[in-house]
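Everything below belongs to target_35.csv, which stores CSV, C-alpha atoms.
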```csv
chain,number,residue,atom,x,y,z
E,790,MET,CA,36.3,16.9,32.9
E,791,HIS,CA,34.6,17.8,29.7
E,792,LEU,CA,33.2,15.0,27.4
E,793,LEU,CA,32.0,15.0,23.8
E,794,LEU,CA,29.8,12.2,22.6
E,795,THR,CA,29.1,11.4,19.0
E,796,SER,CA,28.1,8.4,16.8
E,797,ASP,CA,27.0,7.4,13.4
E,798,THR,CA,29.2,9.8,11.4
E,799,HIS,CA,28.8,7.7,8.2
E,800,LEU,CA,31.5,9.6,6.2
E,801,PRO,CA,31.6,10.0,3.3
E,802,GLU,CA,28.1,8.4,2.7
E,803,ARG,CA,25.9,10.8,4.6
E,804,ALA,CA,28.2,13.9,4.5
E,805,ARG,CA,31.5,14.9,3.0
E,806,GLU,CA,33.0,16.1,6.3
E,807,LEU,CA,32.2,16.5,9.9
E,808,PRO,CA,30.5,19.8,10.9
E,809,ALA,CA,32.9,22.5,12.0
E,810,GLU,CA,31.1,22.9,15.4
E,811,LEU,CA,31.7,19.2,16.1
E,812,LEU,CA,35.3,19.5,15.2
E,813,GLU,CA,35.8,22.5,17.4
E,814,GLY,CA,34.1,20.6,20.3
E,815,ILE,CA,36.4,17.6,19.7
E,816,GLU,CA,39.5,19.7,20.1
E,817,SER,CA,38.3,21.3,23.3
E,818,ALA,CA,37.0,18.1,25.0
E,819,ASP,CA,39.1,16.1,27.5
E,820,VAL,CA,37.6,12.9,26.2
E,821,VAL,CA,35.7,12.1,23.0
E,822,PHE,CA,33.4,9.1,22.7
E,823,HIS,CA,32.4,7.7,19.3
E,824,ALA,CA,29.8,4.9,19.4
E,825,GLY,CA,30.4,3.4,15.9
E,826,ASP,CA,29.4,3.6,12.3
E,827,TRP,CA,32.4,5.6,11.1
E,828,VAL,CA,32.3,3.9,7.7
E,829,ASP,CA,35.5,5.6,6.6
E,830,VAL,CA,38.8,4.9,8.4
E,831,ARG,CA,39.9,8.5,7.6
E,832,THR,CA,37.3,9.8,10.2
E,833,LEU,CA,38.9,7.6,12.8
E,834,ASP,CA,42.3,8.9,11.9
E,835,LEU,CA,41.0,12.5,12.1
E,836,LEU,CA,39.5,12.0,15.6
E,837,GLN,CA,42.6,10.2,16.9
E,838,ALA,CA,44.7,13.2,15.7
E,839,ARG,CA,42.4,15.9,17.2
E,840,ALA,CA,41.0,14.3,20.4
E,841,SER,CA,43.0,14.5,23.6
E,842,ARG,CA,41.6,11.0,24.4
E,843,LEU,CA,39.3,8.9,22.2
E,844,VAL,CA,37.0,6.1,23.5
E,845,ALA,CA,35.5,4.4,20.5
E,846,VAL,CA,33.9,1.2,19.1
E,847,TYR,CA,33.0,-0.1,15.7
E,848,GLY,CA,29.4,-0.3,14.3
E,849,ASN,CA,27.5,-2.5,12.1
E,850,ASN,CA,28.4,-0.5,9.0
E,851,ASP,CA,32.2,-0.6,9.7
E,852,GLY,CA,34.4,-2.8,7.6
E,853,PRO,CA,37.4,-5.0,8.4
E,854,GLU,CA,39.9,-2.2,8.7
E,855,LEU,CA,37.9,-0.3,11.3
E,856,ARG,CA,37.0,-3.6,13.2
E,857,ALA,CA,40.7,-4.4,13.3
E,858,ARG,CA,41.4,-1.1,15.1
E,859,LEU,CA,38.4,-0.8,17.3
E,860,PRO,CA,36.6,-3.0,19.9
E,861,GLU,CA,32.9,-3.9,19.9
E,862,VAL,CA,32.7,-2.6,23.5
E,863,ALA,CA,35.0,0.0,25.1
E,864,ARG,CA,35.3,0.9,28.8
E,865,ALA,CA,36.9,3.8,30.6
E,866,GLU,CA,36.9,5.1,34.1
E,867,LEU,CA,36.9,8.9,34.0
E,868,GLY,CA,37.0,10.9,37.2
E,869,GLY,CA,35.5,8.0,39.2
E,870,VAL,CA,32.7,7.4,36.7
E,871,ARG,CA,32.6,4.0,34.9
E,872,PHE,CA,31.8,4.5,31.2
E,873,GLY,CA,31.2,2.1,28.4
E,874,ALA,CA,30.5,2.4,24.7
E,875,VAL,CA,28.8,0.1,22.3
E,876,HIS,CA,27.1,0.6,19.0
E,877,GLU,CA,23.9,-1.4,19.1
E,878,THR,CA,21.6,-2.0,22.1
E,879,GLY,CA,18.6,-3.5,20.3
E,880,PRO,CA,15.0,-2.1,20.2
E,881,ALA,CA,14.0,0.8,22.3
E,882,GLN,CA,11.4,-1.2,24.2
E,883,GLY,CA,13.3,-3.0,27.0
E,884,ARG,CA,16.6,-1.2,26.3
E,885,GLU,CA,17.1,-0.1,29.9
E,886,ARG,CA,16.6,-3.6,31.3
E,887,ARG,CA,18.8,-5.3,28.7
E,888,CYS,CA,21.6,-2.8,29.1
E,889,ALA,CA,21.5,-2.9,32.9
E,890,GLU,CA,21.8,-6.7,32.7
E,891,ARG,CA,24.6,-6.7,30.1
E,892,PHE,CA,26.6,-3.9,31.7
E,893,PRO,CA,26.2,-4.2,35.5
E,894,ASP,CA,29.6,-2.7,36.1
E,895,LEU,CA,29.0,0.6,34.3
E,896,ASP,CA,27.6,3.9,35.5
E,897,VAL,CA,27.1,5.3,31.9
E,898,LEU,CA,26.7,3.6,28.6
E,899,VAL,CA,27.2,5.6,25.3
E,900,PHE,CA,25.5,3.9,22.3
E,901,GLY,CA,24.5,4.7,18.7
E,902,HIS,CA,22.9,2.9,15.8
E,903,SER,CA,19.4,4.5,15.7
E,904,HIS,CA,20.6,8.1,15.0
E,905,ILE,CA,17.9,9.1,17.6
E,906,PRO,CA,19.1,11.0,20.7
E,907,TRP,CA,18.4,9.1,23.9
E,908,ASP,CA,18.9,9.9,27.6
E,909,THR,CA,17.4,7.6,30.2
E,910,THR,CA,18.4,5.9,33.4
E,911,ALA,CA,17.8,2.2,34.0
E,912,THR,CA,16.6,0.7,37.2
E,913,GLY,CA,19.8,0.4,39.3
E,914,GLY,CA,21.2,3.7,38.0
E,915,LEU,CA,22.8,2.9,34.6
E,916,ARG,CA,22.6,6.1,32.5
E,917,LEU,CA,22.0,5.4,28.8
E,918,LEU,CA,23.1,8.1,26.3
E,919,ASN,CA,22.8,8.2,22.5
E,920,PRO,CA,24.1,11.4,21.0
E,921,GLY,CA,22.3,10.8,17.7
E,922,SER,CA,24.2,11.6,14.5
E,923,PRO,CA,26.0,14.8,13.4
E,924,THR,CA,25.6,14.0,9.7
E,925,ASP,CA,22.4,12.0,9.2
E,926,ARG,CA,19.3,13.1,11.1
E,927,ARG,CA,17.1,10.3,9.6
E,928,ARG,CA,13.6,11.0,11.0
E,929,GLN,CA,14.9,13.6,13.6
E,930,PRO,CA,14.5,17.4,13.1
E,931,HIS,CA,18.2,18.0,13.5
E,932,CYS,CA,21.6,16.4,13.4
E,933,THR,CA,23.0,16.1,16.9
E,934,TYR,CA,25.8,15.3,19.3
E,935,MET,CA,26.1,15.5,23.1
E,936,THR,CA,28.5,17.0,25.7
E,937,ALA,CA,28.7,16.1,29.3
E,938,GLU,CA,30.7,16.9,32.4
E,939,VAL,CA,32.2,14.6,35.1
E,940,ILE,CA,32.4,16.5,38.3
E,941,ASP,CA,33.4,15.2,41.8
E,942,GLY,CA,33.0,11.5,40.8
E,943,ARG,CA,29.7,11.8,39.1
E,944,LEU,CA,28.2,12.6,35.7
E,945,GLY,CA,27.1,16.2,35.6
E,946,LYS,CA,25.1,18.1,33.1
E,947,VAL,CA,24.4,16.3,29.8
E,948,ARG,CA,23.6,18.6,26.9
E,949,LEU,CA,22.2,17.7,23.4
E,950,HIS,CA,23.6,20.0,20.7
E,951,ARG,CA,21.6,20.6,17.5
E,952,LEU,CA,23.6,21.2,14.3
```

Can you dump the structure from the file as structure tokens?
Amino acid sequence: MHLLLTSDTHLPERARELPAELLEGIESADVVFHAGDWVDVRTLDLLQARASRLVAVYGNNDGPELRARLPEVARAELGGVRFGAVHETGPAQGRERRCAERFPDLDVLVFGHSHIPWDTTATGGLRLLNPGSPTDRRRQPHCTYMTAEVIDGRLGKVRLHRL
């Protein structure tokens, strides 16, 4: 199973449209995760139309219309792997411990907010993935998103893509 992970698209504030490479990846993925800060409901509509399956949450910059359509936390079991998505996880220091305590029932947590790519594993095995942002690199050298594979009931290769 092929996954695409993205977050913090911030359209149309940070960019006018999503990068073509990201859109192509969305169409070829089995499941797309978006960890919030859409800003514009049209981006949600676009991903819902193009993705085979969308697992998504709202972020702190998302208004009432997006919050009415999306949860704060989303969960999905995919190929035997228990995934969750949330926008904010708090400061980097102590993140693994906090997330492992908050989400003891997950194998993988996809999150956003910082625009900084992140891939760590908490004590106990919870994998934490932040794909960064495809439209606003902030202090990072590149805009980014991630892809991953679920193979034989486990998370396989995770790849960070630079745009």

Legend entry - Nearest-residue call for Gly945 of chain E, choices E:Asp826, E:Val870, E:Gly901, E:Val862, using all atoms listed in the file: E:Val870

Inset, instruction - Pick out the closest residue to Glu938 of chain E from this set: E:Gly868, E:Pro906, E:Pro808, E:Pro860. Count only C-alpha atoms. - result: E:Gly868

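Considering the residues E:Leu800, E:Leu836, E:Ser922, E:Trp827 and counting all atoms listed in the file, Glu813 of chain E has its shortest atom-to-atom contact with E:Leu836.
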
Legend entry - Coordinates-based distance that separates atom CA of Ala865 of chain E from atom CA of Asp819 of chain E (Å, one decimal): 12.9 Å

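Distance annotation: of E:Arg928, E:His876, E:Arg831, E:Arg871, the residue with the minimal separation from Phe892 of chain E is E:Arg871; atom set is only C-alpha atoms.
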
Inset, instruction - Could you check how far atom CA of Leu952 of chain E sits from atom CA of Ser817 of chain E, in Å to one decimal? - result: 17.2 Å

Legend entry - Close residues, Val947 of chain E itself excluded, 7 Å, all atoms listed in the file, min 6 positions apart in chain, as a ChimeraX atom specification: /E:935-938

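All polymer residues at most 7 Å from (38.8, 15.2, 15.1), using all atoms listed in the file, appear as Leu812, Ile815, Glu816, Leu835, Leu836, Gln837, Ala838, Arg839 and Ala840 of chain E.
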
Up to 10 Å from (33.7, 8.1, 40.2) in the file's coordinates: name the residues, counting only C-alpha atoms, as a PDB file with C-alpha atoms, keeping the file's coordinate frame.
```
ATOM      1  CA  GLU E 866      36.900   5.100  34.100  1.00  0.00           C
ATOM      2  CA  LEU E 867      36.900   8.900  34.000  1.00  0.00           C
ATOM      3  CA  GLY E 868      37.000  10.900  37.200  1.00  0.00           C
ATOM      4  CA  GLY E 869      35.500   8.000  39.200  1.00  0.00           C
ATOM      5  CA  VAL E 870      32.700   7.400  36.700  1.00  0.00           C
ATOM      6  CA  ARG E 871      32.600   4.000  34.900  1.00  0.00           C
ATOM      7  CA  PHE E 872      31.800   4.500  31.200  1.00  0.00           C
ATOM      8  CA  ASP E 896      27.600   3.900  35.500  1.00  0.00           C
ATOM      9  CA  VAL E 939      32.200  14.600  35.100  1.00  0.00           C
ATOM     10  CA  ILE E 940      32.400  16.500  38.300  1.00  0.00           C
ATOM     11  CA  ASP E 941      33.400  15.200  41.800  1.00  0.00           C
ATOM     12  CA  GLY E 942      33.000  11.500  40.800  1.00  0.00           C
ATOM     13  CA  ARG E 943      29.700  11.800  39.100  1.00  0.00           C
ATOM     14  CA  LEU E 944      28.200  12.600  35.700  1.00  0.00           C
TER      15      LEU E 944
END
```

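Nearest residue to Glu802 of chain E, choosing from E:Gly883, E:His904, E:Val828, E:Gly852 and counting all atoms listed in the file: E:Val828.
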
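Taking only C-alpha atoms into account, Pro920 of chain E lies nearest to E:Arg951 out of the set E:Arg805, E:Lys946, E:Arg891, E:Arg951.
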
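Distance-wise, atom CA of Arg803 of chain E and atom CA of Gly873 of chain E end up 25.9 Å apart.
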
Inset, instruction - Write out as a ChimeraX atom specification which residues come within 8 Å of Val875 of chain E when counting all atoms listed in the file, dropping same-chain ones fewer than 6 positions away. - result: /E:824-825,846-847,861-863,898-901

Inset, instruction - Fewer than 6 positions away in the same chain doesn't count, so skip those; otherwise give me all residues within 7 Å of Ala911 of chain E, counting all atoms listed in the file, as a list in words. - result: Glu885, Arg886 and Ala889 of chain E

Export, as a CSV table (one decimal), keeping the file's coordinate frame, the selected residues with C-alpha atoms.
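The file below, selection.csv, is the result:
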```
chain,number,residue,atom,x,y,z
E,885,GLU,CA,17.1,-0.1,29.9
E,886,ARG,CA,16.6,-3.6,31.3
E,889,ALA,CA,21.5,-2.9,32.9
```

Slice of the block: segment 835-850 of chain E, all heavy atoms, as a PDB file, in the first residue's frame:
```
ATOM      1  N   LEU E 835     -10.261  19.654  -3.383  1.00  0.00           N
ATOM      2  CA  LEU E 835      -9.350  19.142  -4.413  1.00  0.00           C
ATOM      3  C   LEU E 835      -8.783  17.782  -4.008  1.00  0.00           C
ATOM      4  O   LEU E 835      -8.787  16.841  -4.802  1.00  0.00           O
ATOM      5  CB  LEU E 835      -8.216  20.142  -4.651  1.00  0.00           C
ATOM      6  CG  LEU E 835      -7.111  19.707  -5.603  1.00  0.00           C
ATOM      7  CD1 LEU E 835      -7.649  19.618  -7.028  1.00  0.00           C
ATOM      8  CD2 LEU E 835      -5.945  20.680  -5.537  1.00  0.00           C
ATOM      9  N   LEU E 836      -8.301  17.670  -2.769  1.00  0.00           N
ATOM     10  CA  LEU E 836      -7.733  16.392  -2.328  1.00  0.00           C
ATOM     11  C   LEU E 836      -8.799  15.310  -2.230  1.00  0.00           C
ATOM     12  O   LEU E 836      -8.547  14.162  -2.591  1.00  0.00           O
ATOM     13  CB  LEU E 836      -6.983  16.550  -1.008  1.00  0.00           C
ATOM     14  CG  LEU E 836      -5.477  16.789  -1.166  1.00  0.00           C
ATOM     15  CD1 LEU E 836      -5.174  18.091  -1.861  1.00  0.00           C
ATOM     16  CD2 LEU E 836      -4.772  16.691   0.160  1.00  0.00           C
ATOM     17  N   GLN E 837      -9.982  15.668  -1.774  1.00  0.00           N
ATOM     18  CA  GLN E 837     -11.054  14.667  -1.708  1.00  0.00           C
ATOM     19  C   GLN E 837     -11.413  14.165  -3.104  1.00  0.00           C
ATOM     20  O   GLN E 837     -11.724  12.994  -3.275  1.00  0.00           O
ATOM     21  CB  GLN E 837     -12.283  15.239  -1.009  1.00  0.00           C
ATOM     22  CG  GLN E 837     -12.095  15.325   0.485  1.00  0.00           C
ATOM     23  CD  GLN E 837     -13.301  15.874   1.205  1.00  0.00           C
ATOM     24  OE1 GLN E 837     -13.984  16.771   0.732  1.00  0.00           O
ATOM     25  NE2 GLN E 837     -13.554  15.345   2.396  1.00  0.00           N
ATOM     26  N   ALA E 838     -11.342  15.027  -4.089  1.00  0.00           N
ATOM     27  CA  ALA E 838     -11.666  14.635  -5.462  1.00  0.00           C
ATOM     28  C   ALA E 838     -10.572  13.780  -6.095  1.00  0.00           C
ATOM     29  O   ALA E 838     -10.854  12.891  -6.895  1.00  0.00           O
ATOM     30  CB  ALA E 838     -11.914  15.879  -6.314  1.00  0.00           C
ATOM     31  N   ARG E 839      -9.316  14.016  -5.726  1.00  0.00           N
ATOM     32  CA  ARG E 839      -8.190  13.337  -6.382  1.00  0.00           C
ATOM     33  C   ARG E 839      -7.662  12.119  -5.645  1.00  0.00           C
ATOM     34  O   ARG E 839      -7.085  11.230  -6.261  1.00  0.00           O
ATOM     35  CB  ARG E 839      -7.050  14.321  -6.594  1.00  0.00           C
ATOM     36  CG  ARG E 839      -7.382  15.365  -7.632  1.00  0.00           C
ATOM     37  CD  ARG E 839      -6.169  16.174  -7.980  1.00  0.00           C
ATOM     38  NE  ARG E 839      -6.514  17.147  -8.998  1.00  0.00           N
ATOM     39  CZ  ARG E 839      -5.660  17.614  -9.881  1.00  0.00           C
ATOM     40  NH1 ARG E 839      -4.406  17.208  -9.860  1.00  0.00           N
ATOM     41  NH2 ARG E 839      -6.048  18.501 -10.765  1.00  0.00           N
ATOM     42  N   ALA E 840      -7.820  12.082  -4.335  1.00  0.00           N
ATOM     43  CA  ALA E 840      -7.256  10.986  -3.546  1.00  0.00           C
ATOM     44  C   ALA E 840      -8.191   9.783  -3.551  1.00  0.00           C
ATOM     45  O   ALA E 840      -9.410   9.937  -3.445  1.00  0.00           O
ATOM     46  CB  ALA E 840      -7.014  11.448  -2.110  1.00  0.00           C
ATOM     47  N   SER E 841      -7.622   8.585  -3.651  1.00  0.00           N
ATOM     48  CA  SER E 841      -8.424   7.369  -3.517  1.00  0.00           C
ATOM     49  C   SER E 841      -9.034   7.291  -2.126  1.00  0.00           C
ATOM     50  O   SER E 841     -10.190   6.913  -1.961  1.00  0.00           O
ATOM     51  CB  SER E 841      -7.558   6.131  -3.747  1.00  0.00           C
ATOM     52  OG  SER E 841      -7.111   6.092  -5.068  1.00  0.00           O
ATOM     53  N   ARG E 842      -8.244   7.660  -1.117  1.00  0.00           N
ATOM     54  CA  ARG E 842      -8.712   7.723   0.270  1.00  0.00           C
ATOM     55  C   ARG E 842      -7.942   8.834   0.961  1.00  0.00           C
ATOM     56  O   ARG E 842      -6.721   8.921   0.818  1.00  0.00           O
ATOM     57  CB  ARG E 842      -8.481   6.396   0.984  1.00  0.00           C
ATOM     58  CG  ARG E 842      -8.953   6.422   2.431  1.00  0.00           C
ATOM     59  CD  ARG E 842      -8.880   5.075   3.085  1.00  0.00           C
ATOM     60  NE  ARG E 842      -9.296   5.180   4.482  1.00  0.00           N
ATOM     61  CZ  ARG E 842      -9.173   4.191   5.350  1.00  0.00           C
ATOM     62  NH1 ARG E 842      -8.674   3.022   4.970  1.00  0.00           N
ATOM     63  NH2 ARG E 842      -9.554   4.350   6.597  1.00  0.00           N
ATOM     64  N   LEU E 843      -8.642   9.677   1.710  1.00  0.00           N
ATOM     65  CA  LEU E 843      -8.026  10.793   2.413  1.00  0.00           C
ATOM     66  C   LEU E 843      -8.257  10.640   3.907  1.00  0.00           C
ATOM     67  O   LEU E 843      -9.385  10.447   4.352  1.00  0.00           O
ATOM     68  CB  LEU E 843      -8.632  12.115   1.926  1.00  0.00           C
ATOM     69  CG  LEU E 843      -8.116  13.398   2.578  1.00  0.00           C
ATOM     70  CD1 LEU E 843      -6.622  13.615   2.290  1.00  0.00           C
ATOM     71  CD2 LEU E 843      -8.940  14.592   2.095  1.00  0.00           C
ATOM     72  N   VAL E 844      -7.160  10.711   4.676  1.00  0.00           N
ATOM     73  CA  VAL E 844      -7.208  10.736   6.134  1.00  0.00           C
ATOM     74  C   VAL E 844      -6.685  12.114   6.521  1.00  0.00           C
ATOM     75  O   VAL E 844      -5.522  12.432   6.251  1.00  0.00           O
ATOM     76  CB  VAL E 844      -6.344   9.616   6.756  1.00  0.00           C
ATOM     77  CG1 VAL E 844      -6.376   9.701   8.283  1.00  0.00           C
ATOM     78  CG2 VAL E 844      -6.796   8.248   6.270  1.00  0.00           C
ATOM     79  N   ALA E 845      -7.547  12.945   7.134  1.00  0.00           N
ATOM     80  CA  ALA E 845      -7.176  14.352   7.307  1.00  0.00           C
ATOM     81  C   ALA E 845      -7.747  14.933   8.588  1.00  0.00           C
ATOM     82  O   ALA E 845      -8.757  14.460   9.112  1.00  0.00           O
ATOM     83  CB  ALA E 845      -7.683  15.145   6.104  1.00  0.00           C
ATOM     84  N   VAL E 846      -7.077  15.987   9.062  1.00  0.00           N
ATOM     85  CA  VAL E 846      -7.482  16.719  10.264  1.00  0.00           C
ATOM     86  C   VAL E 846      -7.393  18.219   9.994  1.00  0.00           C
ATOM     87  O   VAL E 846      -6.788  18.650   9.019  1.00  0.00           O
ATOM     88  CB  VAL E 846      -6.579  16.356  11.464  1.00  0.00           C
ATOM     89  CG1 VAL E 846      -6.718  14.879  11.822  1.00  0.00           C
ATOM     90  CG2 VAL E 846      -5.118  16.703  11.205  1.00  0.00           C
ATOM     91  N   TYR E 847      -7.988  18.987  10.889  1.00  0.00           N
ATOM     92  CA  TYR E 847      -7.842  20.442  10.789  1.00  0.00           C
ATOM     93  C   TYR E 847      -6.642  20.891  11.607  1.00  0.00           C
ATOM     94  O   TYR E 847      -6.179  20.187  12.506  1.00  0.00           O
ATOM     95  CB  TYR E 847      -9.119  21.169  11.202  1.00  0.00           C
ATOM     96  CG  TYR E 847      -9.497  21.059  12.666  1.00  0.00           C
ATOM     97  CD1 TYR E 847      -8.849  21.808  13.650  1.00  0.00           C
ATOM     98  CD2 TYR E 847     -10.530  20.220  13.069  1.00  0.00           C
ATOM     99  CE1 TYR E 847      -9.202  21.717  14.983  1.00  0.00           C
ATOM    100  CE2 TYR E 847     -10.898  20.121  14.405  1.00  0.00           C
ATOM    101  CZ  TYR E 847     -10.228  20.884  15.351  1.00  0.00           C
ATOM    102  OH  TYR E 847     -10.583  20.783  16.672  1.00  0.00           O
ATOM    103  N   GLY E 848      -6.147  22.089  11.278  1.00  0.00           N
ATOM    104  CA  GLY E 848      -5.031  22.683  12.007  1.00  0.00           C
ATOM    105  C   GLY E 848      -5.428  23.981  12.666  1.00  0.00           C
ATOM    106  O   GLY E 848      -6.565  24.455  12.520  1.00  0.00           O
ATOM    107  N   ASN E 849      -4.497  24.591  13.363  1.00  0.00           N
ATOM    108  CA  ASN E 849      -4.781  25.811  14.111  1.00  0.00           C
ATOM    109  C   ASN E 849      -5.132  27.001  13.231  1.00  0.00           C
ATOM    110  O   ASN E 849      -5.769  27.946  13.685  1.00  0.00           O
ATOM    111  CB  ASN E 849      -3.601  26.160  15.032  1.00  0.00           C
ATOM    112  CG  ASN E 849      -2.330  26.455  14.271  1.00  0.00           C
ATOM    113  OD1 ASN E 849      -1.817  25.587  13.563  1.00  0.00           O
ATOM    114  ND2 ASN E 849      -1.802  27.653  14.409  1.00  0.00           N
ATOM    115  N   ASN E 850      -4.762  26.984  11.952  1.00  0.00           N
ATOM    116  CA  ASN E 850      -5.089  28.083  11.040  1.00  0.00           C
ATOM    117  C   ASN E 850      -6.351  27.819  10.227  1.00  0.00           C
ATOM    118  O   ASN E 850      -6.679  28.597   9.340  1.00  0.00           O
ATOM    119  CB  ASN E 850      -3.918  28.352  10.087  1.00  0.00           C
ATOM    120  CG  ASN E 850      -2.796  29.082  10.782  1.00  0.00           C
ATOM    121  OD1 ASN E 850      -2.975  30.186  11.268  1.00  0.00           O
ATOM    122  ND2 ASN E 850      -1.641  28.443  10.855  1.00  0.00           N
TER     123      ASN E 850
END
```
